[in-house]
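Text of the file my_file.cif, holding mmCIF, C-alpha atoms and all ligand atoms:
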data_protein
loop_
_atom_site.group_PDB
_atom_site.id
_atom_site.type_symbol
_atom_site.label_atom_id
_atom_site.label_comp_id
_atom_site.auth_asym_id
_atom_site.auth_seq_id
_atom_site.Cartn_x
_atom_site.Cartn_y
_atom_site.Cartn_z
ATOM 1 C CA MET P 1 73.280 311.912 -126.466
ATOM 2 C CA GLU P 2 74.391 313.623 -123.285
ATOM 3 C CA LYS P 3 78.147 313.834 -122.897
ATOM 4 C CA VAL P 4 78.179 314.013 -119.101
ATOM 5 C CA ILE P 5 75.950 312.330 -116.530
ATOM 6 C CA LEU P 6 76.475 313.445 -112.938
ATOM 7 C CA LEU P 7 76.117 310.623 -110.432
ATOM 8 C CA LYS P 8 74.756 310.611 -106.908
ATOM 9 C CA PRO P 9 76.982 308.425 -104.723
ATOM 10 C CA TYR P 10 76.207 305.650 -102.290
ATOM 11 C CA PHE P 11 77.794 305.905 -98.809
ATOM 12 C CA SER P 12 78.885 303.106 -96.541
ATOM 13 C CA HIS P 13 79.178 303.474 -92.777
ATOM 14 C CA THR P 14 81.939 301.526 -91.068
ATOM 15 C CA ILE P 15 83.655 301.125 -87.698
ATOM 16 C CA TRP P 16 86.722 302.850 -89.103
ATOM 17 C CA GLY P 17 84.896 305.712 -90.876
ATOM 18 C CA GLY P 18 84.731 309.380 -89.938
ATOM 19 C CA LYS P 19 83.348 312.788 -90.915
ATOM 20 C CA ARG P 20 85.881 313.891 -93.501
ATOM 21 C CA LEU P 21 83.801 312.866 -96.507
ATOM 22 C CA ARG P 22 81.100 315.272 -95.410
ATOM 23 C CA GLU P 23 83.330 318.027 -94.065
ATOM 24 C CA GLU P 24 85.982 318.083 -96.811
ATOM 25 C CA PHE P 25 84.125 316.792 -99.850
ATOM 26 C CA GLY P 26 80.779 318.450 -99.148
ATOM 27 C CA TYR P 27 78.626 315.332 -99.208
ATOM 28 C CA ASN P 28 75.304 315.749 -97.506
ATOM 29 C CA GLU P 29 75.579 312.510 -95.546
ATOM 30 C CA PRO P 30 74.923 312.311 -91.795
ATOM 31 C CA GLY P 31 76.936 310.336 -89.264
ATOM 32 C CA ASP P 32 80.478 310.261 -87.908
ATOM 33 C CA ASP P 33 81.196 306.789 -89.276
ATOM 34 C CA ILE P 34 81.194 307.487 -93.035
ATOM 35 C CA GLY P 35 83.836 305.166 -94.460
ATOM 36 C CA GLU P 36 83.317 305.122 -98.196
ATOM 37 C CA CYS P 37 81.713 307.177 -100.922
ATOM 38 C CA TRP P 38 80.943 304.908 -103.878
ATOM 39 C CA GLY P 39 80.967 307.645 -106.463
ATOM 40 C CA ILE P 40 80.724 305.557 -109.622
ATOM 41 C CA SER P 41 79.211 302.172 -108.911
ATOM 42 C CA ALA P 42 76.863 299.719 -110.571
ATOM 43 C CA HIS P 43 77.508 297.106 -107.884
ATOM 44 C CA PRO P 44 74.364 295.723 -106.180
ATOM 45 C CA SER P 45 75.910 296.408 -102.745
ATOM 46 C CA GLY P 46 75.634 300.162 -103.425
ATOM 47 C CA GLU P 47 74.704 301.809 -106.697
ATOM 48 C CA SER P 48 75.189 305.327 -107.895
ATOM 49 C CA VAL P 49 72.219 306.976 -109.568
ATOM 50 C CA ALA P 50 72.103 309.524 -112.379
ATOM 51 C CA ALA P 51 71.528 312.948 -110.829
ATOM 52 C CA SER P 52 71.158 315.081 -113.947
ATOM 53 C CA GLY P 53 69.704 315.201 -117.420
ATOM 54 C CA GLU P 54 67.359 312.921 -119.275
ATOM 55 C CA TYR P 55 68.461 309.814 -117.362
ATOM 56 C CA LYS P 56 67.977 311.334 -113.915
ATOM 57 C CA GLY P 57 66.930 308.597 -111.475
ATOM 58 C CA PHE P 58 68.384 305.718 -113.492
ATOM 59 C CA SER P 59 70.900 303.594 -111.597
ATOM 60 C CA LEU P 60 74.223 303.037 -113.319
ATOM 61 C CA SER P 61 73.404 299.337 -113.825
ATOM 62 C CA GLU P 62 70.121 300.313 -115.516
ATOM 63 C CA LEU P 63 72.022 302.638 -117.835
ATOM 64 C CA TRP P 64 74.472 299.817 -118.597
ATOM 65 C CA ASP P 65 71.694 297.287 -119.223
ATOM 66 C CA GLU P 66 69.261 299.493 -121.140
ATOM 67 C CA HIS P 67 71.387 302.198 -122.782
ATOM 68 C CA ARG P 68 74.584 300.503 -123.806
ATOM 69 C CA GLU P 69 75.064 303.145 -126.485
ATOM 70 C CA LEU P 70 76.149 305.499 -123.673
ATOM 71 C CA PHE P 71 79.167 303.203 -123.232
ATOM 72 C CA GLY P 72 80.003 302.915 -126.915
ATOM 73 C CA GLY P 73 78.262 299.551 -127.138
ATOM 74 C CA MET P 74 80.912 297.903 -124.949
ATOM 75 C CA GLU P 75 80.370 294.236 -124.233
ATOM 76 C CA GLY P 76 80.031 292.684 -120.793
ATOM 77 C CA ASP P 77 77.317 291.500 -118.425
ATOM 78 C CA ARG P 78 78.027 294.288 -115.903
ATOM 79 C CA PHE P 79 79.556 297.748 -115.679
ATOM 80 C CA PRO P 80 83.170 296.780 -115.046
ATOM 81 C CA LEU P 81 84.587 299.381 -112.649
ATOM 82 C CA LEU P 82 83.865 300.965 -109.282
ATOM 83 C CA VAL P 83 85.299 304.273 -108.052
ATOM 84 C CA LYS P 84 85.302 305.104 -104.336
ATOM 85 C CA ILE P 85 86.696 307.701 -101.993
ATOM 86 C CA ILE P 86 87.759 306.044 -98.734
ATOM 87 C CA ASP P 87 88.316 307.951 -95.489
ATOM 88 C CA ALA P 88 90.191 305.799 -92.997
ATOM 89 C CA ASN P 89 89.630 307.512 -89.683
ATOM 90 C CA LYS P 90 91.029 304.325 -88.093
ATOM 91 C CA ASP P 91 93.022 301.420 -89.518
ATOM 92 C CA LEU P 92 91.165 299.188 -91.961
ATOM 93 C CA SER P 93 91.504 295.438 -91.515
ATOM 94 C CA ILE P 94 94.407 293.666 -93.208
ATOM 95 C CA GLN P 95 92.855 292.021 -96.228
ATOM 96 C CA VAL P 96 93.285 290.387 -99.602
ATOM 97 C CA HIS P 97 91.089 289.984 -102.680
ATOM 98 C CA PRO P 98 90.731 287.056 -105.095
ATOM 99 C CA ASP P 99 91.275 287.199 -108.836
ATOM 100 C CA ASP P 100 88.541 286.607 -111.428
ATOM 101 C CA ALA P 101 89.132 282.843 -111.609
ATOM 102 C CA TYR P 102 88.957 282.260 -107.846
ATOM 103 C CA ALA P 103 85.991 284.619 -107.337
ATOM 104 C CA SER P 104 84.069 283.097 -110.214
ATOM 105 C CA GLU P 105 84.490 279.602 -108.747
ATOM 106 C CA HIS P 106 84.057 280.368 -105.031
ATOM 107 C CA GLU P 107 81.924 283.536 -104.947
ATOM 108 C CA ASN P 108 78.900 282.903 -107.157
ATOM 109 C CA GLY P 109 80.402 284.184 -110.360
ATOM 110 C CA SER P 110 81.631 287.477 -108.902
ATOM 111 C CA LEU P 111 84.456 289.355 -110.523
ATOM 112 C CA GLY P 112 87.785 289.328 -108.740
ATOM 113 C CA LYS P 113 89.076 292.575 -107.348
ATOM 114 C CA LYS P 114 92.054 294.343 -108.754
ATOM 115 C CA GLU P 115 92.274 297.814 -107.272
ATOM 116 C CA CYS P 116 94.485 300.846 -107.138
ATOM 117 C CA TRP P 117 94.677 303.818 -104.820
ATOM 118 C CA TYR P 118 95.418 307.458 -105.435
ATOM 119 C CA VAL P 119 96.535 309.076 -102.170
ATOM 120 C CA LEU P 120 94.457 312.218 -101.637
ATOM 121 C CA ASP P 121 95.722 312.921 -98.153
ATOM 122 C CA CYS P 122 97.797 311.213 -95.487
ATOM 123 C CA PRO P 123 99.641 312.030 -92.274
ATOM 124 C CA GLU P 124 103.300 313.126 -92.362
ATOM 125 C CA GLU P 125 105.344 309.912 -92.660
ATOM 126 C CA GLY P 126 102.205 308.202 -93.957
ATOM 127 C CA GLU P 127 102.227 304.477 -94.569
ATOM 128 C CA LEU P 128 100.028 301.867 -96.154
ATOM 129 C CA VAL P 129 100.137 298.112 -95.799
ATOM 130 C CA ALA P 130 101.026 296.664 -99.206
ATOM 131 C CA GLY P 131 102.553 293.210 -99.498
ATOM 132 C CA HIS P 132 104.111 290.811 -96.996
ATOM 133 C CA ASN P 133 107.521 289.504 -96.004
ATOM 134 C CA ALA P 134 107.023 285.723 -96.145
ATOM 135 C CA GLY P 135 109.480 283.960 -98.433
ATOM 136 C CA SER P 136 107.430 280.804 -98.993
ATOM 137 C CA ARG P 137 103.852 279.611 -98.621
ATOM 138 C CA ASP P 138 104.844 277.482 -95.600
ATOM 139 C CA GLU P 139 106.300 280.531 -93.921
ATOM 140 C CA LEU P 140 103.218 282.586 -94.803
ATOM 141 C CA VAL P 141 100.868 280.009 -93.267
ATOM 142 C CA ARG P 142 103.029 279.687 -90.133
ATOM 143 C CA MET P 143 103.157 283.451 -89.609
ATOM 144 C CA ILE P 144 99.374 283.716 -90.034
ATOM 145 C CA ASP P 145 98.720 280.778 -87.682
ATOM 146 C CA GLU P 146 101.082 282.206 -85.048
ATOM 147 C CA GLY P 147 99.731 285.748 -85.443
ATOM 148 C CA GLU P 148 103.111 287.279 -86.322
ATOM 149 C CA TRP P 149 101.442 290.252 -87.970
ATOM 150 C CA ASP P 150 104.184 292.797 -87.391
ATOM 151 C CA LYS P 151 106.724 290.526 -89.048
ATOM 152 C CA LEU P 152 104.408 289.429 -91.829
ATOM 153 C CA ILE P 153 102.929 292.652 -93.150
ATOM 154 C CA ARG P 154 104.951 295.112 -95.201
ATOM 155 C CA ARG P 155 104.459 298.844 -94.758
ATOM 156 C CA VAL P 156 105.300 301.285 -97.521
ATOM 157 C CA LYS P 157 105.829 305.037 -97.241
ATOM 158 C CA ILE P 158 103.378 307.245 -99.104
ATOM 159 C CA LYS P 159 102.751 310.883 -99.903
ATOM 160 C CA PRO P 160 99.732 312.668 -101.386
ATOM 161 C CA GLY P 161 99.804 312.191 -105.157
ATOM 162 C CA ASP P 162 101.209 308.647 -105.029
ATOM 163 C CA ALA P 163 99.361 305.848 -106.806
ATOM 164 C CA ILE P 164 99.554 302.237 -105.668
ATOM 165 C CA GLN P 165 98.483 299.195 -107.645
ATOM 166 C CA ILE P 166 97.057 296.328 -105.543
ATOM 167 C CA ASP P 167 96.825 293.164 -107.597
ATOM 168 C CA PRO P 168 94.552 290.337 -106.454
ATOM 169 C CA GLY P 169 96.464 288.216 -103.932
ATOM 170 C CA THR P 170 98.222 291.259 -102.401
ATOM 171 C CA VAL P 171 97.946 291.672 -98.619
ATOM 172 C CA HIS P 172 96.933 295.288 -98.050
ATOM 173 C CA ALA P 173 95.306 297.814 -95.762
ATOM 174 C CA ILE P 174 94.628 301.514 -95.605
ATOM 175 C CA THR P 175 95.879 302.982 -92.333
ATOM 176 C CA ALA P 176 94.438 305.590 -89.998
ATOM 177 C CA GLY P 177 94.436 309.142 -91.340
ATOM 178 C CA VAL P 178 94.800 308.169 -94.996
ATOM 179 C CA CYS P 179 92.248 309.238 -97.601
ATOM 180 C CA VAL P 180 92.382 307.607 -101.024
ATOM 181 C CA LEU P 181 90.444 307.479 -104.242
ATOM 182 C CA GLU P 182 90.162 303.821 -105.200
ATOM 183 C CA THR P 183 89.581 302.578 -108.726
ATOM 184 C CA GLN P 184 88.727 298.889 -108.785
ATOM 185 C CA GLN P 185 86.932 296.117 -110.596
ATOM 186 C CA SER P 186 83.229 296.095 -109.748
ATOM 187 C CA SER P 187 83.499 293.534 -106.959
ATOM 188 C CA ASP P 188 82.848 293.478 -103.236
ATOM 189 C CA ILE P 189 84.752 290.311 -102.313
ATOM 190 C CA THR P 190 87.189 290.886 -99.455
ATOM 191 C CA TYR P 191 88.945 288.258 -97.375
ATOM 192 C CA ARG P 192 89.782 289.666 -93.968
ATOM 193 C CA LEU P 193 93.075 288.357 -92.655
ATOM 194 C CA TYR P 194 93.514 290.334 -89.428
ATOM 195 C CA ASP P 195 91.341 292.961 -87.734
ATOM 196 C CA TYR P 196 93.611 294.088 -84.864
ATOM 197 C CA GLY P 197 91.348 292.173 -82.455
ATOM 198 C CA ARG P 198 88.653 294.859 -82.761
ATOM 199 C CA LEU P 199 84.986 294.367 -81.916
ATOM 200 C CA GLU P 200 81.907 295.588 -83.787
ATOM 201 C CA ASN P 201 78.722 295.546 -81.697
ATOM 202 C CA GLY P 202 80.599 293.488 -79.097
ATOM 203 C CA LYS P 203 81.797 290.826 -81.533
ATOM 204 C CA PRO P 204 84.857 290.404 -83.716
ATOM 205 C CA ARG P 205 84.131 290.821 -87.434
ATOM 206 C CA PRO P 206 84.549 287.510 -89.288
ATOM 207 C CA LEU P 207 87.977 286.539 -90.625
ATOM 208 C CA HIS P 208 88.537 284.519 -93.800
ATOM 209 C CA LEU P 209 91.782 282.756 -93.082
ATOM 210 C CA SER P 210 91.462 279.737 -95.339
ATOM 211 C CA GLN P 211 90.450 281.817 -98.374
ATOM 212 C CA SER P 212 93.249 284.271 -97.575
ATOM 213 C CA LYS P 213 95.820 281.475 -97.467
ATOM 214 C CA ASP P 214 94.459 280.248 -100.815
ATOM 215 C CA VAL P 215 94.749 283.533 -102.654
ATOM 216 C CA ILE P 216 97.744 285.400 -101.149
ATOM 217 C CA ALA P 217 100.536 285.579 -103.727
ATOM 218 C CA VAL P 218 103.990 284.419 -102.547
ATOM 219 C CA PRO P 219 106.348 286.185 -102.693
ATOM 220 C CA SER P 220 104.878 289.679 -102.842
ATOM 221 C CA ALA P 221 105.672 291.976 -105.737
ATOM 222 C CA SER P 222 108.341 294.501 -104.766
ATOM 223 C CA ALA P 223 107.084 297.728 -103.250
ATOM 224 C CA GLU P 224 108.831 299.749 -105.980
ATOM 225 C CA ASP P 225 106.845 297.857 -108.618
ATOM 226 C CA MET P 226 103.552 298.730 -106.918
ATOM 227 C CA ILE P 227 103.966 302.471 -106.359
ATOM 228 C CA VAL P 228 103.935 305.294 -108.873
ATOM 229 C CA HIS P 229 105.175 308.420 -107.167
ATOM 230 C CA GLY P 230 103.056 311.404 -108.094
ATOM 231 C CA GLY P 231 105.860 313.629 -109.263
ATOM 232 C CA ASP P 232 105.032 317.204 -110.069
ATOM 233 C CA ILE P 233 101.392 317.740 -109.231
ATOM 234 C CA SER P 234 101.538 321.472 -109.828
ATOM 235 C CA SER P 235 101.589 321.497 -113.628
ATOM 236 C CA ALA P 236 98.478 321.234 -115.760
ATOM 237 C CA GLY P 237 97.944 318.245 -118.016
ATOM 238 C CA VAL P 238 97.106 314.548 -118.033
ATOM 239 C CA ALA P 239 99.414 312.217 -116.101
ATOM 240 C CA LYS P 240 98.872 308.506 -116.649
ATOM 241 C CA LEU P 241 99.261 306.780 -113.269
ATOM 242 C CA ILE P 242 98.268 303.135 -113.642
ATOM 243 C CA VAL P 243 97.776 301.022 -116.747
ATOM 244 C CA SER P 244 96.551 297.466 -116.210
ATOM 245 C CA ASP P 245 94.459 294.874 -118.021
ATOM 246 C CA LYS P 246 91.379 296.072 -116.067
ATOM 247 C CA TYR P 247 91.724 299.860 -116.086
ATOM 248 C CA THR P 248 93.767 302.890 -116.998
ATOM 249 C CA VAL P 249 93.853 305.605 -114.324
ATOM 250 C CA SER P 250 95.101 309.163 -114.877
ATOM 251 C CA ARG P 251 95.272 312.388 -112.944
ATOM 252 C CA VAL P 252 94.115 315.467 -114.809
ATOM 253 C CA LYS P 253 95.021 318.944 -113.649
ATOM 254 C CA VAL P 254 93.070 321.757 -115.259
ATOM 255 C CA SER P 255 94.105 325.387 -115.141
ATOM 256 C CA GLY P 256 92.136 327.279 -117.789
ATOM 257 C CA ASN P 257 91.129 325.077 -120.715
ATOM 258 C CA LEU P 258 92.295 321.536 -121.342
ATOM 259 C CA SER P 259 91.222 318.788 -123.700
ATOM 260 C CA PHE P 260 92.439 315.240 -124.177
ATOM 261 C CA GLU P 261 91.575 312.397 -126.501
ATOM 262 C CA THR P 262 90.945 308.738 -125.719
ATOM 263 C CA ASP P 263 89.669 305.657 -127.512
ATOM 264 C CA ALA P 264 87.575 304.679 -124.458
ATOM 265 C CA GLY P 265 83.876 303.806 -124.698
ATOM 266 C CA PHE P 266 83.228 305.787 -121.513
ATOM 267 C CA ILE P 267 85.244 307.605 -118.842
ATOM 268 C CA ASN P 268 84.799 307.762 -115.077
ATOM 269 C CA ALA P 269 85.625 311.242 -113.788
ATOM 270 C CA SER P 270 85.915 312.302 -110.137
ATOM 271 C CA VAL P 271 86.812 315.838 -109.099
ATOM 272 C CA ILE P 272 89.301 315.768 -106.204
ATOM 273 C CA SER P 273 89.945 319.503 -105.857
ATOM 274 C CA GLY P 274 88.733 322.832 -107.178
ATOM 275 C CA GLU P 275 85.891 323.443 -109.572
ATOM 276 C CA GLY P 276 85.195 323.877 -113.243
ATOM 277 C CA ARG P 277 83.354 322.323 -116.161
ATOM 278 C CA ILE P 278 83.332 319.013 -117.978
ATOM 279 C CA PHE P 279 82.024 320.142 -121.368
ATOM 280 C CA ASP P 280 79.117 322.375 -120.243
ATOM 281 C CA THR P 281 78.444 320.656 -116.945
ATOM 282 C CA GLY P 282 79.557 322.494 -113.807
ATOM 283 C CA VAL P 283 81.461 320.338 -111.313
ATOM 284 C CA ARG P 284 83.386 320.817 -108.076
ATOM 285 C CA LYS P 285 85.368 318.801 -105.560
ATOM 286 C CA GLY P 286 83.462 315.641 -104.669
ATOM 287 C CA CYS P 287 81.517 315.402 -107.958
ATOM 288 C CA HIS P 288 81.532 312.095 -109.814
ATOM 289 C CA ALA P 289 80.486 311.854 -113.433
ATOM 290 C CA LEU P 290 80.198 309.431 -116.277
ATOM 291 C CA ILE P 291 81.517 310.836 -119.545
ATOM 292 C CA THR P 292 79.546 308.953 -122.177
ATOM 293 C CA ALA P 293 80.677 307.626 -125.549
ATOM 294 C CA GLU P 294 79.544 310.925 -127.048
ATOM 295 C CA GLY P 295 82.185 312.809 -125.058
ATOM 296 C CA ALA P 296 84.876 310.217 -124.357
ATOM 297 C CA GLY P 297 86.679 310.609 -127.684
ATOM 298 C CA LYS P 298 87.674 314.170 -126.941
ATOM 299 C CA VAL P 299 87.076 315.442 -123.412
ATOM 300 C CA GLU P 300 86.893 319.213 -122.925
ATOM 301 C CA LEU P 301 87.560 320.626 -119.473
ATOM 302 C CA SER P 302 87.831 324.119 -118.081
ATOM 303 C CA GLY P 303 88.302 325.771 -114.713
ATOM 304 C CA ASP P 304 90.756 325.253 -111.931
ATOM 305 C CA MET P 305 90.514 321.689 -110.674
ATOM 306 C CA GLU P 306 92.031 318.236 -110.435
ATOM 307 C CA LEU P 307 90.327 315.014 -111.435
ATOM 308 C CA ILE P 308 91.038 311.328 -111.366
ATOM 309 C CA VAL P 309 89.754 309.678 -114.527
ATOM 310 C CA SER P 310 89.620 306.028 -115.488
ATOM 311 C CA TRP P 311 88.478 303.810 -118.306
ATOM 312 C CA VAL P 312 88.695 300.225 -119.409
HETATM 313 ZN ZN ZN K 1 91.112 296.183 -101.023
#

Show how you would write the structure in this file as structure tokens.
Ligand code: ZN
Amino acid sequence: MEKVILLKPYFSHTIWGGKRLREEFGYNEPGDDIGECWGISAHPSGESVAASGEYKGFSLSELWDEHRELFGGMEGDRFPLLVKIIDANKDLSIQVHPDDAYASEHENGSLGKKECWYVLDCPEEGELVAGHNAGSRDELVRMIDEGEWDKLIRRVKIKPGDAIQIDPGTVHAITAGVCVLETQQSSDITYRLYDYGRLENGKPRPLHLSQSKDVIAVPSASAEDMIVHGGDISSAGVAKLIVSDKYTVSRVKVSGNLSFETDAGFINASVISGEGRIFDTGVRKGCHALITAEGAGKVELSGDMELIVSWV
């Protein structure tokens, strides 16, 4: 069995996208409105496809459905995670996602969306929207109905290397100039709470106020509980960033040779800087790969690069 399958991403074009994914990550994607690179995705809204080896041309969902041995025989009716790089050239809408129970009932059996961000780049004094300031549900609803967005939304300071966990029910938004790698449940359910009054093709994009009021958690978790500051990103090794019931996300810095062991059935690996090898497969910044069950027990890396890896 192959240990590494390189994946060809899917790209989404958005009103807030830009050119950075092409210019800084080397993706051969036209347009100046590239918002997201779905590097590791089996979601029907945008699938990644095997780009190397004996499975070349298979979509990730086909691999999951037909070659479950690649994933250590894991159970589940769909590949559980989705890894994206998001370039916010402008502010993204203020939004919230449902949990599994709400999505299953109201969104045709979809998964909910728990997500986390790893900050790849941001302006000096960078900020993200994460959480809100309402003390009760009544106050939340009043502030939404009266459009008191500046009072309602909470902004948190960020730096490159920070990781932020966004639980379902958390009001959040990526702000202009910020580039993140997002690891999330394989779901595309977003309730848009506020879009800064912007227009797309002459019309406002739809809002989902009643669903948002249903799912927003009150009060918000504290900002300190949501952020893991990156610490020393100069030393080689594996730094665990986020551990949750849906995923474990780590940053791996390679300088020379490095190996690490896991008990995962498969590993998502995205190269965020430099170049090197995953086992024998050459990779560089912008590459996304599935490390199969054959390789996930003991991953061997070499070169001079940084990766974000995740598993269930
Ligand atoms: Zn989100």

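Nearest-residue note for P:Leu307: choosing from P:Lys253, P:Arg20, P:Lys90, P:Lys8, the minimum distance belongs to P:Lys253, counting all atoms listed in the file.
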
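Using all atoms listed in the file, the smallest distance between any of P:Glu115, P:Asp167, P:Asp33, P:Glu54 and P:Val4 comes from P:Glu54.
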
Distance query P:Gly17 at most 8 Å, all atoms listed in the file, self and fewer than 5 positions along chain excluded, as a PDB file with C-alpha atoms, keeping the file's coordinate frame:
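Now in around.pdb:
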ATOM      1  CA  ASP P  32      80.478 310.261 -87.908  1.00  0.00           C
ATOM      2  CA  ASP P  33      81.196 306.789 -89.276  1.00  0.00           C
ATOM      3  CA  ILE P  34      81.194 307.487 -93.035  1.00  0.00           C
ATOM      4  CA  GLY P  35      83.836 305.166 -94.460  1.00  0.00           C
ATOM      5  CA  GLU P  36      83.317 305.122 -98.196  1.00  0.00           C
ATOM      6  CA  ASP P  87      88.316 307.951 -95.489  1.00  0.00           C
ATOM      7  CA  ALA P  88      90.191 305.799 -92.997  1.00  0.00           C
ATOM      8  CA  ASN P  89      89.630 307.512 -89.683  1.00  0.00           C
ATOM      9  CA  LYS P  90      91.029 304.325 -88.093  1.00  0.00           C
TER      10      LYS P  90
END

Protein and nucleic residues near ligand ZN 1 (chain K), 7 Å, only C-alpha atoms and all ligand atoms, as a ChimeraX atom specification: /P:95-97,115,172-173,190

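Across the structure, atom CA of P:Asp214 and atom CA of P:Val83 are spaced 26.7 Å apart.
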
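Pairwise distance (atom CA of P:Ser244, atom CA of P:Val309) equals 14.1 Å.
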
P:Gly46 environment, 9 Å, all atoms listed in the file, sequence neighbours closer than 3 positions dropped, as a list in words: Pro9, Tyr10, Phe11, Ser12, Trp38, Ser41, Ala42 and His43 of chain P

Using C-alpha atoms, can you write the selected residues to a file as an mmCIF file, keeping the file's coordinate frame?
data_model
loop_
_atom_site.group_PDB
_atom_site.id
_atom_site.type_symbol
_atom_site.label_atom_id
_atom_site.label_comp_id
_atom_site.auth_asym_id
_atom_site.auth_seq_id
_atom_site.Cartn_x
_atom_site.Cartn_y
_atom_site.Cartn_z
ATOM 1 C CA PRO P 9 76.982 308.425 -104.723
ATOM 2 C CA TYR P 10 76.207 305.650 -102.290
ATOM 3 C CA PHE P 11 77.794 305.905 -98.809
ATOM 4 C CA SER P 12 78.885 303.106 -96.541
ATOM 5 C CA TRP P 38 80.943 304.908 -103.878
ATOM 6 C CA SER P 41 79.211 302.172 -108.911
ATOM 7 C CA ALA P 42 76.863 299.719 -110.571
ATOM 8 C CA HIS P 43 77.508 297.106 -107.884
#

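Closest approach to P:Asp100 among P:Gly18, P:Gly72, P:Pro168, P:Pro123: P:Pro168, based on all atoms listed in the file.
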
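Separating atom CA of P:Asp263 from atom CA of P:Ser234 is a distance of 26.5 Å.
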
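Under the PyMOL selection byres (((chain P and resi 113) around 10) and not hetatm), the matching residues in the shown file are Leu81, Val96, His97, Pro98, Asp99, Asp100, Ala103, Ser110, Leu111, Gly112, Lys114, Glu115, Cys116, Ile166, Asp167, Pro168, Gly169, Gln184, Gln185, Ser186, Ser187, Asp188, Ile189, Thr190 and Lys246 of chain P.
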
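Compared by their closest atoms to P:Ile164, and using all atoms listed in the file, the residues P:Gly177, P:Gly230, P:Gly286, P:Gly135 rank with P:Gly230 nearest.
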
Considering all atoms listed in the file, return as a CSV table (one decimal) with C-alpha atoms, keeping the file's coordinate frame whatever protein or nucleic-acid residues lie within 7 Å of P:Arg154, sequence-local ones (same chain, fewer than 6 positions apart) excluded.
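To be explicit, this is the file written out as result.csv:
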chain,number,residue,atom,x,y,z
P,129,VAL,CA,100.1,298.1,-95.8
P,130,ALA,CA,101.0,296.7,-99.2
P,131,GLY,CA,102.6,293.2,-99.5
P,132,HIS,CA,104.1,290.8,-97.0
P,133,ASN,CA,107.5,289.5,-96.0

Neighbour list for P:Val299 as a CSV table (one decimal) with C-alpha atoms, keeping the file's coordinate frame, cut-off 7 Å, all atoms listed in the file, skip fewer than 2 positions in-chain:
chain,number,residue,atom,x,y,z
P,259,SER,CA,91.2,318.8,-123.7
P,260,PHE,CA,92.4,315.2,-124.2
P,261,GLU,CA,91.6,312.4,-126.5
P,295,GLY,CA,82.2,312.8,-125.1
P,296,ALA,CA,84.9,310.2,-124.4
P,297,GLY,CA,86.7,310.6,-127.7
P,301,LEU,CA,87.6,320.6,-119.5

How big is the axis-aligned box, and where does its centre sit, when it encloses all atoms of stretch 253-263 of chain P listed in the file and has 3 Å added on every side, reported in Å to one decimal as lines of an AutoDock Vina configuration file?
center_x = 92.3
center_y = 316.5
center_z = -120.6
size_x = 11.4
size_y = 27.6
size_z = 19.9

Residues selected by the PyMOL selection byres (((chain P and resi 258) around 8) and not hetatm), written as a PyMOL selection string: chain P and resi 237+254-257+259-260+300-302

Output for the residues just chosen: C-alpha atoms as a tab-separated table (two decimals), in the frame of the given file:
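The resulting file, part-v5.tsv, is reproduced below:
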chain	number	residue	atom	x	y	z
P	237	GLY	CA	97.94	318.24	-118.02
P	254	VAL	CA	93.07	321.76	-115.26
P	255	SER	CA	94.10	325.39	-115.14
P	256	GLY	CA	92.14	327.28	-117.79
P	257	ASN	CA	91.13	325.08	-120.72
P	259	SER	CA	91.22	318.79	-123.70
P	260	PHE	CA	92.44	315.24	-124.18
P	300	GLU	CA	86.89	319.21	-122.92
P	301	LEU	CA	87.56	320.63	-119.47
P	302	SER	CA	87.83	324.12	-118.08

Neighbour list for P:Gly73 as a list in words, cut-off 12 Å, all atoms listed in the file, skip fewer than 5 positions in-chain: Leu63, Trp64, Asp65, Glu66, His67, Arg68, Phe79, Ala264, Gly265, Phe266, Thr292, Ala293 and Glu294 of chain P

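If you measure from each of P:Thr170, P:Ser48, P:Ser235, P:Thr248 to P:Ser222 using all atoms listed in the file, the closest one turns out to be P:Thr170.
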
Distance query 6 Å from (68.8, 307.5, -112.2) using only C-alpha atoms, result as number ranges by chain: P: 49-50, 55-59
